[in-house]
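Some notes on the structure that comes next.
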Amino acid sequence: VAAWNSMLAAYATNGHLDIALRVFYSMPQRTAVSWTILLSACAHTGNLKDAKIFFDGMPDKNLIIWTTMIAAYSQNGHLGDATALFDSMPVRNILSWTSMLTAYAQAGQLDSARKMFQDIPHHDVVSCTAMLGIYAQTGRLEKAKGIFDSMPERDIVTYNAMLTAYGQAGDVAMATHTFRTMPQHDLVSWSTVISLLTQTGDLEHAKRMYEMMPLQDLISQTILLSCYSQHGNLKDAKKVFDQMPAQNLVSWNNMLSAYTQRGYMRDAKSLFDWMPQKNLLSWNIMLNSKLQNSRLEEGVSMFLTMPERDLVSWNSLLTAFTQTGDFQMVKKTFAEMPDKNLISWTTMLSALSRNNLLHDAKAMFDRMPEQN
RNA sequence: ACAAGGUGACUCACA
């Protein structure tokens, strides 16, 4: 059975969930481990429904499968379900607690996360690093450092989280100092610092470190690509992009932005058409570039045929109509929008006032919901 | 020989 499970795990972690499922059903017998592997794989691919089915279908649930299900809820943003499950657990261990901790953090409930952290009976390096990471991402350097200093043991992930804490707080000097003095480096350590350097504008330093990396993986390459793309450096962006041994949706979107930002509509379009996968961001990048590059007709028809639209797509369209001065369409679009945010309202307000329709602007202002 | 928790990349729309 263990051999079968190894095979299951191999397929499941390599993204072949379909094959894993076939293996699962054709196995001579299944253990708790088999169920857990599949449940975890479903959760990581965002397939919470099947994860739940596996969980419910499992005959004798052990602590691990309970915890895996909490992690599944946590990873997919279902805080309520995670809490309910956690509260009804017969036994908990440090992994259950930590999964719950990150569930709160993921939902933006920092106070609950902090409370949960304090309630954990016995901490380990992972639970402490989890809390450190939460503080790091929310820019609370002092808190992060406090945990770091109080930890009896630290591993490379702890140090990496601390790099992020310094980075988020804009302390490049301490980040690089920590990088130099930490016990070991892995790909995450390198790319965290490189990313920080590109964000603070020290491109030369970033490039030097990129060259020094023992191995340039997809993410570090993408960091560099993204940096070139954001600076409108199409040539170097293309160079990095073409040299990447493997690419993914993130790298394609980055290259797409690089093209559209410089108005290379033909290249953008052929990349876009070629992309094996697209997400809403890809569509919005392309949509916005059409709308902003005198291709209103194409843009509008893209808007109408997109697989999905969000508030950004709507605001993009709204802005385009305000720029052509077609107030018929502006009003129509604004009325049809399923949601509006502050950006939608300010788009309207500035369009009306730019065209000296001050009474309309005033009326619009009075219609704005309070929270804006 | 097998399973669960913590760290790095794109996030585009108004101003």
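Every chain in the structure tokens takes a letter, A first, then B, and so on in the order presented; its residues are numbered from 1, and the ligands are numbered from 1 following the presented order.
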| task | Find the residues near A1 of chain B: any atom within 8 Å, counting only C-alpha atoms (C1' of nucleotides), skip ones fewer than 3 places away on the same chain, and give them as a ChimeraX atom specification. | result | /A:2-3,6
Those residues you just picked out, can you put them in a file as a PDB file, in the first residue's frame with N, CA, C and O atoms?
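Saved the output as result_8.pdb:
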```pdb
ATOM      1  N   ALA A   2       1.944   1.184   0.738  1.00  0.00           N
ATOM      2  CA  ALA A   2       2.812   2.349   0.800  1.00  0.00           C
ATOM      3  C   ALA A   2       3.354   2.707  -0.576  1.00  0.00           C
ATOM      4  O   ALA A   2       3.483   3.890  -0.921  1.00  0.00           O
ATOM      5  N   ALA A   3       3.653   1.705  -1.377  1.00  0.00           N
ATOM      6  CA  ALA A   3       4.154   1.958  -2.726  1.00  0.00           C
ATOM      7  C   ALA A   3       3.086   2.641  -3.563  1.00  0.00           C
ATOM      8  O   ALA A   3       3.355   3.590  -4.299  1.00  0.00           O
ATOM      9  N   SER A   6       2.833   6.203  -2.490  1.00  0.00           N
ATOM     10  CA  SER A   6       3.929   7.012  -3.022  1.00  0.00           C
ATOM     11  C   SER A   6       3.607   7.458  -4.440  1.00  0.00           C
ATOM     12  O   SER A   6       3.873   8.594  -4.834  1.00  0.00           O
TER      13      SER A   6
END
```
| query | Skipping near chain neighbours, those fewer than 6 positions away, what residues fall within 9 Å of Ser34 of chain A using only C-alpha atoms (C1' of nucleotides), listed as a list in words? | reply |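 My list of contacting residues is Val1, Ala2, Trp4, Asn5, Ser6, Leu8, Ala9 and Phe24 of chain A; C2 and A3 of chain B.
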Writer output for current selection, N, CA, C and O atoms (P, O5', C5', C4', C3', O3' and C1' of nucleotides), as a tab-separated table (two decimals), in the first residue's frame:
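Written file, result10.tsv:
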```tsv
chain	number	residue	atom	x	y	z
A	1	VAL	N	0.83	-1.21	0.00
A	1	VAL	CA	0.00	0.00	0.00
A	1	VAL	C	0.86	1.25	0.00
A	1	VAL	O	0.53	2.23	-0.68
A	2	ALA	N	1.94	1.18	0.74
A	2	ALA	CA	2.81	2.35	0.80
A	2	ALA	C	3.35	2.71	-0.58
A	2	ALA	O	3.48	3.89	-0.92
A	4	TRP	N	1.86	2.16	-3.43
A	4	TRP	CA	0.74	2.79	-4.13
A	4	TRP	C	0.58	4.24	-3.67
A	4	TRP	O	0.38	5.14	-4.49
A	5	ASN	N	0.68	4.44	-2.38
A	5	ASN	CA	0.55	5.80	-1.87
A	5	ASN	C	1.65	6.73	-2.38
A	5	ASN	O	1.40	7.89	-2.66
A	6	SER	N	2.83	6.20	-2.49
A	6	SER	CA	3.93	7.01	-3.02
A	6	SER	C	3.61	7.46	-4.44
A	6	SER	O	3.87	8.59	-4.83
A	8	LEU	N	0.61	7.73	-5.72
A	8	LEU	CA	-0.45	8.72	-5.56
A	8	LEU	C	0.13	10.10	-5.28
A	8	LEU	O	-0.21	11.08	-5.94
A	9	ALA	N	1.01	10.13	-4.30
A	9	ALA	CA	1.60	11.40	-3.90
A	9	ALA	C	2.37	12.03	-5.04
A	9	ALA	O	2.32	13.24	-5.26
A	24	PHE	N	-6.14	6.16	-7.31
A	24	PHE	CA	-6.85	6.01	-6.05
A	24	PHE	C	-7.97	4.96	-6.16
A	24	PHE	O	-8.13	4.09	-5.31
B	2	C	P	8.72	6.98	4.05
B	2	C	O5'	7.30	7.15	3.35
B	2	C	C5'	7.23	7.67	2.03
B	2	C	C4'	5.79	7.87	1.65
B	2	C	C3'	5.01	8.72	2.62
B	2	C	O3'	5.23	10.08	2.31
B	2	C	C1'	3.75	6.80	2.05
B	3	A	P	5.19	11.18	3.40
B	3	A	O5'	3.64	11.48	3.48
B	3	A	C5'	2.92	11.94	2.33
B	3	A	C4'	1.53	12.32	2.73
B	3	A	C3'	1.45	13.46	3.74
B	3	A	O3'	1.49	14.68	3.04
B	3	A	C1'	-0.03	11.70	4.35
```
| Can you tell me how far atom CA of Phe321 of chain A sits from atom C1' of C14 of chain B, in Å to one decimal? |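 Those two atoms sit 12.9 Å apart.
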| message | Could you tell me which residues of chain A sit within 7 Å of chain B when counting only C-alpha atoms (C1' of nucleotides), and give me the result as an MDAnalysis selection string? | response | chainID A and resid 2:3 5:6 33:34 36:37 64:65 67:68 95:96 98:99 126:127 129:130 133 157:158 160:161 188 191:192 219:220 222:223 250:251 253:254 281 284:285 312:313 315:316 343:344 346:347
| task | Please report, as number ranges by chain, each residue of segment 178-296 of chain A to which DSSP assigns helix (DSSP H, G or I) when run on this structure's backbone. | result | A: 178-181, 187-199, 203-212, 218-230, 234-243, 249-261, 265-274, 280-292, 296
| message | Calculated over only C-alpha atoms, which of the candidates A:Ser40, A:Asn93, A:Ser289, A:Gln109 has the smallest distance to Asp124 of chain A? | response | A:Asn93
| field | Selected residue, from A:Leu249, A:Leu79, A:Val300, A:Leu141, that lies nearest to Met275 of chain A when counting only C-alpha atoms | value |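 Selected residue with least distance to Met275 of chain A: A:Leu249.
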| message | Using Å and a single decimal, report how far atom CA of Met244 of chain A sits from atom CA of Trp274 of chain A. | response |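 Straight-line distance from atom CA of Trp274 of chain A to atom CA of Met244 of chain A works out to 16.5 Å.
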| query | Hey, what's within 8 Å of Leu291 of chain A if we count only C-alpha atoms (C1' of nucleotides) and toss same-chain stuff fewer than 3 positions away? As a VMD selection string, please? | reply | chain A and resid 287 to 288 294 to 296 298 to 300 316 to 317 320
